[in-house]
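The next block is upload.cif, given as mmCIF, C-alpha atoms.
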```cif
data_target
loop_
_atom_site.label_atom_id
_atom_site.label_comp_id
_atom_site.auth_asym_id
_atom_site.auth_seq_id
_atom_site.Cartn_x
_atom_site.Cartn_y
_atom_site.Cartn_z
CA MET A 23 0.00 0.00 0.00
CA SER A 24 1.30 3.47 -0.82
CA ASN A 25 2.13 6.09 1.78
CA ALA A 26 -0.93 7.94 3.17
CA ASP A 27 0.73 11.30 2.42
CA GLU A 28 0.97 10.59 -1.29
CA PRO A 29 -1.52 12.43 -3.49
CA PRO A 30 -4.64 10.47 -4.44
CA GLN A 31 -4.67 8.63 -7.72
CA LYS A 32 -6.44 10.31 -10.58
CA THR A 33 -9.60 8.89 -12.05
CA ASN A 34 -11.39 9.38 -15.32
CA GLN A 35 -14.83 8.96 -13.78
CA PRO A 36 -16.76 12.12 -14.80
CA PRO A 37 -19.50 12.04 -12.12
CA SER A 38 -16.95 12.35 -9.31
CA SER A 39 -14.15 14.24 -11.05
CA SER A 40 -14.87 17.41 -9.10
CA LEU A 41 -14.54 15.65 -5.74
CA THR A 42 -11.33 15.10 -3.81
CA PRO A 43 -10.91 11.84 -1.87
CA PRO A 44 -9.88 12.17 1.78
CA SER A 45 -6.15 11.99 2.48
CA LEU A 46 -6.92 8.82 4.48
CA PHE A 47 -7.45 7.03 1.17
CA SER A 48 -5.00 6.55 -1.66
CA LEU A 49 -7.82 5.36 -3.90
CA PRO A 50 -9.77 6.81 -6.84
CA VAL A 51 -12.84 8.78 -5.85
CA ASP A 52 -15.26 6.34 -7.47
CA ILE A 53 -13.88 3.49 -5.32
CA VAL A 54 -14.14 5.62 -2.17
CA LEU A 55 -17.75 6.45 -3.05
CA ASN A 56 -18.56 2.76 -3.50
CA ILE A 57 -17.03 1.99 -0.09
CA LEU A 58 -18.99 4.78 1.60
CA ALA A 59 -22.19 3.70 -0.14
CA LEU A 60 -21.96 0.35 1.65
CA VAL A 61 -21.64 2.00 5.07
CA PRO A 62 -24.95 2.24 6.98
CA LYS A 63 -26.25 5.80 6.90
CA ARG A 64 -26.43 5.88 10.69
CA TYR A 65 -22.61 6.26 10.70
CA TYR A 66 -22.53 9.20 8.28
CA PRO A 67 -22.66 11.87 11.04
CA ILE A 68 -19.57 10.27 12.62
CA LEU A 69 -17.71 10.10 9.31
CA CYS A 70 -18.49 13.77 8.68
CA CYS A 71 -16.41 14.64 11.75
CA VAL A 72 -13.29 12.90 10.42
CA SER A 73 -12.30 15.48 7.82
CA LYS A 74 -13.69 18.19 5.57
CA SER A 75 -13.02 16.18 2.41
CA LEU A 76 -14.82 13.15 3.81
CA ARG A 77 -17.71 15.35 4.87
CA SER A 78 -17.96 16.77 1.35
CA LEU A 79 -18.20 13.25 -0.07
CA ILE A 80 -20.88 12.23 2.42
CA ARG A 81 -22.95 15.31 1.56
CA SER A 82 -22.44 15.16 -2.19
CA PRO A 83 -25.13 14.12 -4.69
CA GLU A 84 -22.71 11.48 -5.97
CA ILE A 85 -23.02 9.42 -2.79
CA HIS A 86 -26.79 9.16 -3.26
CA LYS A 87 -26.35 8.19 -6.91
CA THR A 88 -23.84 5.53 -5.92
CA ARG A 89 -26.11 4.15 -3.19
CA SER A 90 -28.93 3.90 -5.71
CA LEU A 91 -26.80 1.53 -7.81
CA HIS A 92 -26.80 -0.94 -4.92
CA GLY A 93 -30.58 -1.38 -5.17
CA LYS A 94 -33.70 -0.20 -3.34
CA ASP A 95 -33.09 0.02 0.39
CA SER A 96 -36.35 1.48 1.72
CA LEU A 97 -40.09 1.31 1.15
CA TYR A 98 -42.36 4.32 1.61
CA LEU A 99 -46.00 3.55 2.26
CA CYS A 100 -48.81 6.08 2.39
CA PHE A 101 -52.11 5.20 4.08
CA SER A 102 -55.19 7.39 4.07
CA THR A 103 -58.17 7.73 6.36
CA ARG A 104 -61.38 9.59 5.62
CA THR A 105 -63.48 11.45 8.18
CA THR A 106 -67.02 12.46 7.28
CA TYR A 107 -68.37 15.82 8.40
CA PRO A 108 -71.84 17.31 7.76
CA ASN A 109 -70.65 19.53 4.91
CA ARG A 110 -67.47 17.86 3.74
CA ASN A 111 -65.12 14.88 3.95
CA ARG A 112 -61.57 15.18 5.21
CA THR A 113 -58.78 12.85 4.08
CA THR A 114 -55.74 12.40 6.29
CA PHE A 115 -52.50 10.78 5.15
CA HIS A 116 -50.20 8.62 7.24
CA TRP A 117 -46.69 7.87 5.96
CA PHE A 118 -44.42 5.01 7.05
CA THR A 119 -41.04 3.76 5.91
CA LEU A 120 -39.74 0.20 5.99
CA ARG A 121 -35.96 0.05 6.40
CA ARG A 122 -33.17 -1.89 8.04
CA ASN A 123 -32.71 -1.52 11.79
CA ASP A 124 -30.16 1.28 12.28
CA ASN A 125 -29.46 0.30 15.88
CA LYS A 126 -27.97 -3.10 15.15
CA MET A 127 -24.80 -4.07 13.33
CA ASN A 128 -24.86 -6.70 10.57
CA THR A 129 -28.60 -7.25 10.74
CA THR A 130 -31.35 -7.81 8.23
CA GLU A 131 -34.03 -6.95 10.78
CA ASN A 132 -36.51 -4.40 9.46
CA VAL A 133 -38.27 -1.57 11.25
CA PHE A 134 -41.53 0.09 10.24
CA VAL A 135 -41.37 3.73 11.27
CA SER A 136 -43.98 6.47 11.11
CA ILE A 137 -42.57 9.57 9.42
CA ASP A 138 -43.72 13.16 9.36
CA VAL A 139 -44.56 14.33 5.86
CA PRO A 140 -45.53 18.03 5.91
CA TYR A 141 -48.87 19.10 4.54
CA ARG A 142 -48.28 19.71 0.86
CA PRO A 143 -48.97 23.30 -0.35
CA GLY A 144 -51.93 23.49 -2.68
CA HIS A 145 -53.06 20.04 -1.53
CA ALA A 146 -56.49 19.01 -2.81
CA SER A 147 -56.33 15.22 -2.85
CA TYR A 148 -53.69 12.54 -3.11
CA PRO A 149 -51.94 12.33 -6.47
CA LEU A 150 -52.88 9.21 -8.38
CA SER A 151 -49.40 8.62 -9.80
CA ASN A 152 -46.22 8.85 -7.76
CA ILE A 153 -42.80 8.11 -9.25
CA ALA A 154 -39.89 7.19 -6.95
CA ILE A 155 -36.55 8.42 -8.30
CA ASP A 156 -33.48 7.86 -6.12
CA THR A 157 -34.36 9.67 -2.87
CA GLU A 158 -37.25 11.74 -4.24
CA ILE A 159 -40.94 11.15 -4.92
CA TYR A 160 -42.47 12.95 -7.90
CA CYS A 161 -46.21 13.46 -7.44
CA ILE A 162 -48.03 13.68 -10.75
CA PRO A 163 -51.64 14.98 -10.64
CA GLY A 164 -54.00 13.59 -10.02
CA TYR A 165 -57.11 12.17 -8.58
CA ASN A 166 -58.47 15.56 -7.72
CA PHE A 167 -61.09 17.49 -9.64
CA PRO A 168 -60.66 19.80 -11.42
CA SER A 169 -57.51 18.39 -12.97
CA SER A 170 -54.13 20.02 -12.45
CA SER A 171 -50.77 20.48 -14.16
CA ILE A 172 -48.72 21.16 -11.01
CA VAL A 173 -46.02 18.63 -10.10
CA TRP A 174 -44.80 18.38 -6.51
CA ILE A 175 -41.57 16.70 -5.42
CA PHE A 176 -40.93 15.27 -1.95
CA ASP A 177 -37.30 14.99 -0.84
CA THR A 178 -37.08 12.07 1.60
CA GLN A 179 -33.67 13.28 2.82
CA SER A 180 -34.76 16.77 3.87
CA GLY A 181 -38.41 15.86 4.51
CA GLN A 182 -39.57 18.86 2.48
CA TRP A 183 -41.76 19.47 -0.55
CA ARG A 184 -40.83 21.64 -3.51
CA GLN A 185 -42.82 22.60 -6.55
CA GLY A 186 -41.50 21.32 -9.85
CA PRO A 187 -42.08 22.63 -13.38
CA SER A 188 -45.76 22.38 -14.36
CA MET A 189 -46.90 20.12 -17.15
CA GLN A 190 -47.97 21.68 -20.42
CA VAL A 191 -51.64 20.73 -19.94
CA GLU A 192 -53.87 19.73 -17.05
CA ARG A 193 -54.41 15.99 -16.69
CA LEU A 194 -56.56 13.59 -14.71
CA SER A 195 -55.86 9.86 -14.09
CA ALA A 196 -53.12 9.70 -16.72
CA THR A 197 -50.68 6.86 -17.41
CA VAL A 198 -47.25 7.67 -15.97
CA GLY A 199 -43.90 5.90 -16.32
CA LEU A 200 -40.14 6.41 -15.96
CA VAL A 201 -38.06 5.46 -19.00
CA GLY A 202 -34.44 6.40 -19.69
CA GLY A 203 -34.23 9.18 -17.10
CA LYS A 204 -37.48 10.77 -18.31
CA ILE A 205 -41.03 10.81 -16.92
CA TYR A 206 -43.70 10.11 -19.54
CA VAL A 207 -47.32 11.17 -18.97
CA ILE A 208 -49.87 9.83 -21.45
CA GLY A 209 -53.53 10.79 -21.75
CA GLY A 210 -55.73 12.20 -19.00
CA ASN A 211 -56.37 15.48 -20.81
CA ARG A 212 -59.69 16.59 -22.27
CA GLY A 213 -58.40 18.51 -25.29
CA GLU A 214 -56.85 17.19 -28.47
CA GLU A 215 -53.48 18.90 -28.02
CA ILE A 216 -50.43 17.30 -26.40
CA LEU A 217 -51.86 13.85 -25.80
CA ALA A 218 -48.53 12.83 -24.23
CA GLU A 219 -45.62 14.77 -22.76
CA VAL A 220 -42.24 13.95 -21.27
CA PHE A 221 -40.21 15.47 -18.43
CA ASP A 222 -36.42 15.43 -18.73
CA LEU A 223 -34.93 14.98 -15.25
CA LYS A 224 -31.62 16.54 -16.30
CA THR A 225 -32.96 19.71 -17.92
CA GLN A 226 -36.07 19.86 -15.71
CA THR A 227 -38.24 20.71 -18.71
CA TRP A 228 -41.45 19.35 -20.24
CA GLU A 229 -41.97 18.80 -23.96
CA ALA A 230 -44.42 16.97 -26.19
CA ALA A 231 -43.88 13.20 -26.52
CA PRO A 232 -44.77 10.96 -29.48
CA ILE A 233 -48.53 10.94 -30.05
CA PRO A 234 -50.08 7.70 -28.71
CA LYS A 235 -51.55 5.65 -31.53
CA ALA A 236 -54.38 4.09 -29.51
CA LYS A 237 -57.73 4.85 -31.16
CA ASP A 238 -59.56 5.43 -27.87
CA ARG A 239 -58.04 8.08 -25.62
CA ASN A 240 -59.76 6.44 -22.63
CA GLU A 241 -57.18 3.63 -22.91
CA TRP A 242 -54.80 5.81 -20.88
CA PHE A 243 -57.13 6.62 -17.98
CA THR A 244 -55.76 4.26 -15.35
CA HIS A 245 -55.25 3.67 -11.64
CA ALA A 246 -51.97 1.80 -12.07
CA SER A 247 -49.06 2.04 -14.51
CA VAL A 248 -45.54 0.61 -14.76
CA SER A 249 -42.50 0.82 -17.05
CA LEU A 250 -40.77 -2.06 -18.83
CA ASP A 251 -37.99 -1.76 -21.40
CA ARG A 252 -38.85 1.33 -23.46
CA LYS A 253 -42.59 1.08 -22.84
CA VAL A 254 -45.08 2.43 -20.32
CA TYR A 255 -47.97 0.11 -19.41
CA ALA A 256 -51.45 1.07 -18.23
CA LEU A 257 -53.22 -1.62 -16.18
CA ASN A 258 -56.83 -0.69 -16.80
CA SER A 259 -59.09 -3.47 -15.59
CA ARG A 260 -59.34 -7.18 -14.83
CA GLU A 261 -59.02 -8.03 -18.49
CA TYR A 262 -56.26 -6.10 -20.25
CA MET A 263 -53.37 -3.68 -20.11
CA ASN A 264 -52.04 -1.29 -22.77
CA SER A 265 -48.50 -0.33 -23.67
CA TYR A 266 -47.14 2.95 -25.03
CA ASP A 267 -43.80 2.81 -26.82
CA THR A 268 -41.85 5.94 -25.86
CA ARG A 269 -39.91 5.84 -29.13
CA ASP A 270 -42.81 6.24 -31.57
CA GLY A 271 -46.06 6.21 -29.58
CA SER A 272 -47.08 2.79 -30.91
CA TYR A 273 -49.78 0.95 -28.98
CA GLN A 274 -50.40 -2.67 -28.04
CA ARG A 275 -52.99 -4.42 -25.87
CA TYR A 276 -52.33 -7.45 -23.64
CA THR A 277 -54.65 -9.64 -21.60
CA ILE A 278 -54.34 -10.03 -17.84
CA PRO A 279 -55.89 -12.71 -15.60
CA LYS A 280 -59.52 -12.11 -14.71
CA ASP A 281 -59.05 -11.73 -11.00
CA ASN A 282 -58.93 -9.08 -8.27
CA TRP A 283 -55.70 -7.13 -7.87
CA TRP A 284 -54.64 -3.96 -6.07
CA LYS A 285 -53.04 -0.88 -7.63
CA THR A 286 -50.34 -1.11 -4.92
CA GLY A 287 -49.99 -4.86 -5.53
CA LYS A 288 -47.71 -4.52 -8.55
CA CYS A 289 -44.02 -3.76 -9.01
CA VAL A 290 -41.14 -4.16 -11.44
CA ILE A 291 -37.91 -5.92 -10.38
CA ASP A 292 -35.06 -6.45 -12.84
CA ASN A 293 -37.34 -5.40 -15.68
CA VAL A 294 -39.97 -8.04 -14.81
CA LEU A 295 -43.55 -7.08 -13.92
CA PHE A 296 -45.02 -8.80 -10.84
CA VAL A 297 -48.69 -8.57 -9.83
CA TYR A 298 -50.43 -10.22 -6.89
CA PHE A 299 -53.86 -11.66 -7.73
CA LEU A 300 -56.32 -12.75 -5.06
CA ARG A 301 -57.05 -16.21 -6.54
CA PHE A 302 -53.93 -16.91 -8.61
CA GLY A 303 -51.37 -15.50 -6.18
CA LEU A 304 -48.12 -13.81 -7.19
CA MET A 305 -47.63 -13.85 -10.97
CA TRP A 306 -45.11 -12.40 -13.39
CA TYR A 307 -45.46 -11.34 -16.99
CA ASP A 308 -43.26 -13.15 -19.51
CA SER A 309 -42.76 -10.41 -22.10
CA GLU A 310 -41.09 -12.79 -24.56
CA LEU A 311 -43.94 -15.31 -24.61
CA MET A 312 -46.55 -12.61 -23.86
CA LEU A 313 -48.23 -14.61 -21.12
CA TRP A 314 -48.71 -14.54 -17.35
CA ARG A 315 -46.95 -17.15 -15.22
CA VAL A 316 -47.17 -18.09 -11.54
CA VAL A 317 -44.18 -17.57 -9.22
CA TYR A 318 -43.61 -21.11 -7.94
CA GLY A 319 -42.71 -22.21 -4.42
CA LEU A 320 -44.93 -19.78 -2.50
CA ASP A 321 -47.72 -20.36 0.02
CA LEU A 322 -49.28 -16.94 0.55
CA ASP A 323 -52.64 -18.39 1.63
CA LYS A 324 -54.66 -15.97 -0.54
CA ALA A 325 -53.65 -13.04 1.60
CA ARG A 326 -55.48 -9.79 1.16
CA CYS A 327 -52.47 -8.09 -0.34
CA ILE A 328 -51.83 -4.47 0.50
CA GLY A 329 -48.70 -3.82 -1.50
CA ILE A 330 -45.51 -5.22 -3.02
CA GLY A 331 -42.21 -3.55 -3.87
CA GLU A 332 -38.50 -4.11 -4.43
CA TYR A 333 -36.42 -4.15 -1.25
CA TYR A 334 -32.71 -5.06 -1.17
CA GLY A 335 -33.13 -7.09 -4.36
CA LYS A 336 -36.06 -9.06 -2.98
CA LEU A 337 -39.82 -8.63 -3.20
CA ALA A 338 -41.42 -7.20 -0.07
CA PHE A 339 -44.91 -8.64 0.30
CA ILE A 340 -47.08 -6.57 2.65
CA TRP A 341 -50.58 -7.52 3.71
CA GLY A 342 -53.15 -6.91 6.41
CA LYS A 343 -55.17 -9.26 8.54
CA PRO A 344 -57.63 -8.89 11.46
CA SER A 345 -56.23 -7.98 14.84
CA ASN A 346 -57.27 -9.03 18.31
CA VAL A 347 -57.42 -5.34 19.15
CA SER A 348 -60.86 -3.87 18.60
CA GLU A 349 -61.37 -1.91 15.34
CA SER A 350 -57.77 -2.55 14.29
CA LYS A 351 -55.81 -4.66 11.82
CA GLU A 352 -52.28 -5.99 11.67
CA ILE A 353 -49.81 -5.05 8.95
CA TRP A 354 -47.45 -7.91 8.11
CA CYS A 355 -44.42 -8.20 5.84
CA ARG A 356 -42.63 -11.14 4.24
CA MET A 357 -39.51 -10.97 2.07
CA ILE A 358 -39.48 -13.17 -1.02
CA GLY A 359 -36.28 -14.06 -2.85
CA LEU A 360 -36.72 -14.52 -6.60
CA LEU A 361 -34.67 -16.92 -8.72
CA ARG A 362 -35.20 -17.04 -12.46
CA SER A 363 -34.31 -20.13 -14.51
CA GLU A 364 -35.23 -21.67 -17.83
CA VAL A 365 -38.45 -23.06 -16.38
CA GLY A 366 -39.68 -19.85 -14.76
CA ILE A 367 -39.31 -17.89 -11.52
CA HIS A 368 -39.12 -19.62 -8.14
CA GLY A 369 -39.85 -17.72 -4.92
CA THR A 370 -38.26 -18.36 -1.53
CA GLU A 371 -40.19 -17.03 1.46
CA GLU A 372 -38.55 -15.63 4.57
CA PRO A 373 -40.26 -15.61 7.99
CA SER A 374 -43.11 -13.12 8.30
CA GLN A 375 -42.76 -10.03 10.48
CA LEU A 376 -45.52 -8.06 12.20
CA LEU A 377 -44.88 -4.42 11.34
CA ARG A 378 -47.64 -2.52 13.09
CA ILE A 379 -51.23 -2.51 14.33
CA VAL A 380 -53.28 0.24 12.67
CA PRO A 381 -56.95 1.30 12.67
CA ASN A 382 -59.26 -0.65 10.38
CA ASN A 383 -59.94 2.38 8.21
CA TYR A 384 -56.31 2.68 7.06
CA SER A 385 -56.25 2.27 3.28
CA LEU A 386 -52.95 1.99 1.40
CA ARG A 387 -52.55 4.54 -1.39
CA HIS A 388 -48.89 4.23 -2.36
CA CYS A 389 -46.11 1.66 -1.97
CA LEU A 390 -42.85 3.07 -3.30
CA SER A 391 -39.32 1.62 -3.44
CA LEU A 392 -36.51 4.16 -2.99
CA SER A 393 -32.74 4.00 -2.92
CA GLY A 394 -30.11 6.00 -1.09
#
```
Please go through the file and, once you have read it, give me the structure as structure tokens.
Amino acid sequence: MSNADEPPQKTNQPPSSSLTPPSLFSLPVDIVLNILALVPKRYYPILCCVSKSLRSLIRSPEIHKTRSLHGKDSLYLCFSTRTTYPNRNRTTFHWFTLRRNDNKMNTTENVFVSIDVPYRPGHASYPLSNIAIDTEIYCIPGYNFPSSSIVWIFDTQSGQWRQGPSMQVERLSATVGLVGGKIYVIGGNRGEEILAEVFDLKTQTWEAAPIPKAKDRNEWFTHASVSLDRKVYALNSREYMNSYDTRDGSYQRYTIPKDNWWKTGKCVIDNVLFVYFLRFGLMWYDSELMLWRVVYGLDLDKARCIGIGEYYGKLAFIWGKPSNVSESKEIWCRMIGLLRSEVGIHGTEEPSQLLRIVPNNYSLRHCLSLSG
């Protein structure tokens, strides 16, 4: 090993070229960032006290980008409750995060923590489509009426909202997906102009996207949408889903099993779509054969699924069941490892964990996987 007083080695990595590695390391910056990204975040305040250069790395955007490459390490869940008054109804939102236990070393134990999400300015109702990008949640309108073009962004690191650039037109119940560092929004508008638009995360600007070639504009009114390859999919009912190709706007329809599913009971892991169905269980969509297949090896006992999402490379399966406490229910979680082979996808269940007891009227609105 070289002397600690020697200057750090140079690196050609452009994302971190402006950063200087601490004198404690005689390593390229990108390697130092990868090492720090593996350190539990609970130790970051201590590392910030070591040196100014180390503190600058810990607080840099590059560390969050590097952490995101190691997979999704937290789930954000939003429940809602509705209170009825004589002249109006009031909806209250309750946010929780599922993450690794920060108080124990070398543990895979999870904690389910209530978090304070400030009341969003201009709030009318919960946005129908939320997109998780690194450590931020982009809230695309919306389920409120009248429709809106305002986009709000929640920073999970600072715990604050900020208003993003508004869309070009107001939309309602549109199809939304993230493809190639851009957010695509299709349909949901009443006029004939700008049937689809795209938001560039780098330039922070909206522009018109390829016109969707579906004959019926109602194809893009949806409660659930996902992204696979270069396409955005709208899951519309118990019978079919539609795809929008972001390259040319081309359209295709696919069948889905005729069964009950939840808008929070779907996720994409390693470019594979998973959906939990009440009768058929956890299934995945084989895009090559264009058919739905069961994830084998699971015994989920027809759970009333609340939500699923990627978590440390596994599938977090979250469901509710009756509690012994009056007017309450239990929220449970089970991690499922997924192994793909030539014959399909096999699931391996880990022991279930009781996360929390909540009131019966808690209804899950969003289940989002974040990184960093």
Residue neighbourhood range 272-276 of chain A, 9 Å, all atoms listed in the file, exclusion window fewer than 5 positions, as a list of chain:residue names:
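Non-adjacent residues within range: A:Pro232, A:Ile233, A:Pro234, A:Lys235, A:Ala236, A:Glu261, A:Tyr262, A:Met263, A:Asn264, A:Ser265, A:Tyr266, A:Asp267, A:Met312, A:Leu313.
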Near-Gly181 in chain A list (8 Å; all atoms listed in the file; drop same-chain fewer than 3 positions) as a list in words
Asp138, Val139, Pro140, Phe176, Asp177 and Thr178 of chain A
List the residues selected by the PyMOL selection byres ((chain A and resi 318) around 12) in the file shown, writing them as a list in words.
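Taken on the displayed file, the PyMOL selection byres ((chain A and resi 318) around 12) yields the residues Phe302, Gly303, Leu304, Met305, Trp306, Arg315, Val316, Val317, Gly319, Leu320, Asp321, Leu322, Ile358, Gly359, Leu360, Leu361, Arg362, Ser363, Val365, Gly366, Ile367, His368, Gly369, Thr370 and Glu371 of chain A.
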Counting only C-alpha atoms, the option among A:Ser247, A:Asn211, A:Ser75, A:Ser171 closest to Trp228 in chain A
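Of the candidates, the smallest distance to Trp228 in chain A is held by A:Ser171.
The space between CA of Leu120 in chain A and CA of Val133 in chain A spans 5.7 Å.
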Residue nearest Lys288 in chain A - candidates A:Val207, A:Leu250, A:Leu55, A:Cys389, atoms counted: all atoms listed in the file
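Of A:Val207, A:Leu250, A:Leu55, A:Cys389, the one nearest Lys288 in chain A is A:Cys389, counting all atoms listed in the file.
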For this structure, which residues satisfy the selection - the PyMOL selection byres ((chain A and resi 189-204) around 7) - when it is evaluated on the file as given? I want them as a ChimeraX atom specification.
/A:150-151,163-165,169-172,187-188,205-211,220-223,228,242-245,247-249,252,254,256
Grab the CA of Trp354 in chain A to CA of Ile137 in chain A distance for me, in Å with one decimal place.
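Going from CA of Trp354 in chain A over to CA of Ile137 in chain A covers 18.2 Å.
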Residues picked by the PyMOL selection byres ((chain A and resi 373) around 10) here, as a ChimeraX atom specification?
/A:355-358,371-372,374-375
